[in-house]
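Heads up, the thing below is written out as structure tokens.
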Amino acid sequence: MKIALRHCFAALLGAATALVQAGDVSVAVAANFTAPMQKIAQAFAQDTGHQARLAFGSTGSLYAQIKNGAPFDLLLAADDETPARLEQDGQVVAGTRFTYAIGKLVLWSPQSSLVDAKGEVLRAGSFDKLAIANPKTAPYGAAALQALNALGLAQGLQGKLVQGESVSQTLQFVSSGNAALGFVALSQVFMDGKVSQGSAWVVPEALYQPLQQDAVLLIGAKDKLAALALLRYLRSERAHVILKSYGYTW
């Protein structure tokens, strides 16, 4: 009985200590990673007691906010170039940059029969508008433009393109019917091993530069325990299970 009580007391003491040390971390998150990060943040809070405050946007706009002094602790970008640029600028804690996910581009429509398995709908042109994210600020938009150029369709479809500021806004354009189809992140329309609704073509990765998504610890958070804990958690088995369910690899 005494041994059991000691174990119980030790467990309670450990839990109390964890709560005392629990903190919060401010995270700038690329729009394509919205749903997975919300789930990861929830699991992170359950497992560690730390709270992640999330801000979503295009990687380009998040970069501009950081350069202008926004008080983020971590950046989870949709590419590897933006974190590398921040690292070169001395705004990143050395040695913290790593690839937390590798994304995939998909051509998607909420209409169940519009997008075929080979993306031939793009050549047929039997649609009014094609949505892409802004190639200048959103890596998934840049990837979409690369794919269209590789297919030799960029110039011919120029008149049908509509741009969202982020890949989230691009998805809204398509979901609302303002565009018949669009290039979005697979994670936005994928759940538990399949596209959740509509029709889709997963764009061959040979048609665009790899969407290697890097995370970094920003210099102002170098001593912040919650920020360091979240960086570690992104590499955990529990986080990887969530990533996989949204179609990411790492």
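Letters A, B, ... go to the chains of the structure tokens in the order shown; residues in each chain start at 1; ligands are counted from 1 in the same order.
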
Please identify which residues in region 101-250 of chain A DSSP calls helix (DSSP H, G or I) from the backbone, and express them as a VMD selection string. chain A and resid 121 to 124 139 to 150 158 to 160 167 to 175 186 to 189 205 to 207 219 to 221 225 to 233 237 to 245

Just the residues within 12 Å of Tyr248 (chain A), please, counting only C-alpha atoms, with nothing from its chain fewer than 5 positions along; format it as a ChimeraX atom specification. /A:32-33,36,78,99-105,185-188,190-193,211-213,239-243

Could you find all residues in region 4-203 of chain A that DSSP calls strand (DSSP E or B) from the backbone, and write them as a PyMOL selection string? chain A and resi 24-30+51-57+74-76+92+98-103+105-109+130-133+161-164+181-185+190-191+194-195+199-202

Which residues come within 12 Å of region 198-206 of chain A, counting only C-alpha atoms, excluding same-chain residues fewer than 2 positions away, as a VMD selection string? chain A and resid 102 to 122 140 143 to 148 150 to 151 174 to 175 180 to 190 194 to 196 208 to 212 247

I need the chosen residues saved as a compact mmCIF listing (two decimals), in the first residue's frame, with C-alpha atoms.
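The result, written out as again.txt:
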# COMPACT_ATOMS: atom_id res chain seq x y z
CA ILE A 102 6.67 17.09 -47.72
CA GLY A 103 3.49 18.22 -49.42
CA LYS A 104 1.74 17.26 -52.63
CA LEU A 105 -0.11 19.36 -55.20
CA VAL A 106 -3.56 18.28 -56.38
CA LEU A 107 -6.00 19.53 -59.00
CA TRP A 108 -9.40 19.41 -57.31
CA SER A 109 -13.06 20.14 -57.95
CA PRO A 110 -16.09 19.59 -55.71
CA GLN A 111 -17.83 18.21 -58.81
CA SER A 112 -17.52 14.44 -58.71
CA SER A 113 -16.86 13.90 -62.42
CA LEU A 114 -15.03 17.03 -63.58
CA VAL A 115 -11.40 16.14 -62.86
CA ASP A 116 -10.18 12.93 -64.48
CA ALA A 117 -7.43 10.65 -63.20
CA LYS A 118 -4.83 12.08 -65.62
CA GLY A 119 -5.67 15.77 -65.49
CA GLU A 120 -6.77 15.86 -69.11
CA VAL A 121 -9.51 18.30 -68.12
CA LEU A 122 -6.82 20.99 -68.27
CA TYR A 140 1.73 25.83 -53.70
CA ALA A 143 4.18 24.72 -57.83
CA ALA A 144 0.90 25.03 -59.74
CA LEU A 145 2.46 27.46 -62.20
CA GLN A 146 5.46 25.16 -62.62
CA ALA A 147 3.13 22.26 -63.39
CA LEU A 148 1.18 24.27 -65.96
CA ALA A 150 5.71 21.77 -67.67
CA LEU A 151 2.48 20.69 -69.35
CA VAL A 174 -13.25 26.36 -55.72
CA SER A 175 -15.49 25.24 -52.85
CA ALA A 180 -14.75 25.19 -61.28
CA LEU A 181 -11.45 23.63 -60.22
CA GLY A 182 -8.14 24.61 -58.74
CA PHE A 183 -4.67 23.60 -57.65
CA VAL A 184 -4.61 23.15 -53.88
CA ALA A 185 -2.68 21.16 -51.31
CA LEU A 186 -3.59 17.48 -51.17
CA SER A 187 -3.91 17.82 -47.38
CA GLN A 188 -6.84 20.20 -47.82
CA VAL A 189 -9.04 17.61 -49.55
CA PHE A 190 -7.54 14.36 -48.24
CA LYS A 194 -8.59 9.17 -49.82
CA VAL A 195 -9.93 12.40 -51.29
CA SER A 196 -12.84 13.28 -49.04
CA TYR A 208 7.05 20.80 -59.93
CA GLN A 209 9.82 21.39 -57.46
CA PRO A 210 9.45 19.33 -54.28
CA LEU A 211 7.24 20.97 -51.68
CA GLN A 212 9.70 20.45 -48.86
CA GLY A 247 -1.30 12.73 -47.25

What is the distance between CA of Ser236 (chain A) and CA of Gly95 (chain A), in Å to one decimal?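 Spanning CA of Ser236 (chain A) to CA of Gly95 (chain A) is a straight-line distance of 18.2 Å.
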
I'd like the neighbourhood of Lys160 (chain A) as a tab-separated table (two decimals) with N, CA and C atoms, in the first residue's frame, where a residue qualifies if any of its atoms comes within 12 Å (using only C-alpha atoms), though same-chain residues fewer than 2 positions away should be ignored.
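Wrote result.tsv, looks like this:
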chain	number	residue	atom	x	y	z
A	122	LEU	N	-7.56	19.74	-68.03
A	122	LEU	CA	-6.82	20.99	-68.27
A	122	LEU	C	-6.64	21.25	-69.76
A	125	GLY	N	-10.08	22.10	-71.42
A	125	GLY	CA	-10.48	23.49	-71.18
A	125	GLY	C	-11.97	23.69	-70.97
A	126	SER	N	-12.69	22.63	-70.61
A	126	SER	CA	-14.15	22.70	-70.48
A	126	SER	C	-14.56	23.20	-69.09
A	127	PHE	N	-14.06	24.35	-68.72
A	127	PHE	CA	-14.38	24.96	-67.43
A	127	PHE	C	-14.19	26.47	-67.57
A	128	ASP	N	-14.78	27.21	-66.64
A	128	ASP	CA	-14.70	28.67	-66.76
A	128	ASP	C	-13.46	29.24	-66.09
A	129	LYS	N	-13.23	28.87	-64.85
A	129	LYS	CA	-12.12	29.43	-64.10
A	129	LYS	C	-11.28	28.33	-63.44
A	130	LEU	N	-9.97	28.57	-63.39
A	130	LEU	CA	-9.02	27.68	-62.74
A	130	LEU	C	-8.32	28.49	-61.65
A	131	ALA	N	-8.45	28.05	-60.41
A	131	ALA	CA	-7.88	28.80	-59.30
A	131	ALA	C	-6.49	28.27	-58.92
A	132	ILE	N	-5.58	29.21	-58.65
A	132	ILE	CA	-4.28	28.87	-58.10
A	132	ILE	C	-3.94	29.91	-57.03
A	153	LEU	N	0.75	24.41	-70.76
A	153	LEU	CA	-0.61	24.94	-70.74
A	153	LEU	C	-0.73	26.32	-70.10
A	154	ALA	N	0.36	26.82	-69.55
A	154	ALA	CA	0.28	28.08	-68.79
A	154	ALA	C	-0.23	29.23	-69.63
A	155	GLN	N	0.29	29.39	-70.82
A	155	GLN	CA	-0.11	30.53	-71.65
A	155	GLN	C	-1.55	30.38	-72.13
A	156	GLY	N	-1.92	29.18	-72.54
A	156	GLY	CA	-3.27	28.96	-73.06
A	156	GLY	C	-4.36	29.13	-72.01
A	157	LEU	N	-4.03	28.87	-70.74
A	157	LEU	CA	-5.02	28.97	-69.67
A	157	LEU	C	-4.96	30.29	-68.91
A	158	GLN	N	-4.09	31.18	-69.35
A	158	GLN	CA	-3.88	32.44	-68.63
A	158	GLN	C	-5.18	33.20	-68.39
A	162	VAL	N	-7.62	32.44	-61.83
A	162	VAL	CA	-7.94	33.36	-60.74
A	162	VAL	C	-7.01	33.01	-59.59
A	163	GLN	N	-6.54	34.03	-58.89
A	163	GLN	CA	-5.53	33.81	-57.85
A	163	GLN	C	-6.08	34.09	-56.46
A	178	ASN	N	-16.79	29.78	-57.28
A	178	ASN	CA	-16.23	30.90	-58.03
A	178	ASN	C	-15.20	30.45	-59.06
A	179	ALA	N	-14.69	29.25	-58.89
A	179	ALA	CA	-13.85	28.60	-59.90
A	179	ALA	C	-14.28	27.14	-59.95
A	180	ALA	N	-14.28	26.57	-61.14
A	180	ALA	CA	-14.75	25.19	-61.28
A	180	ALA	C	-13.78	24.19	-60.68
A	181	LEU	N	-12.50	24.52	-60.73
A	181	LEU	CA	-11.45	23.63	-60.22
A	181	LEU	C	-10.24	24.46	-59.85
A	182	GLY	N	-9.31	23.85	-59.14
A	182	GLY	CA	-8.14	24.61	-58.74
A	182	GLY	C	-7.03	23.72	-58.22

Taking 3 positions as the minimum chain separation for residues in the same chain, which residues sit within 12 Å of Leu54 (chain A) when counting only C-alpha atoms? Answer as a list in words.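 Residues near the query, excluding close chain neighbours: Asp24, Val25, Ser26, Val27, Ala28, Val29, Ala30, Ala31, Phe33, Thr34, Ala35, Pro36, Met37, Gln38, Lys39, Ile40, Ala41, Gln42, Gln51, Gly57, Leu62, Pro71, Phe72, Asp73, Leu74, Leu75 and Leu76 of chain A.
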
A straight line from CA of Ala22 (chain A) to CA of Ala226 (chain A) spans 7.1 Å

Closest of A:Ala124, A:Leu207, A:Ala215, A:Val92 to Thr59 (chain A) - atom-to-atom distances counting only C-alpha atoms: A:Ala215
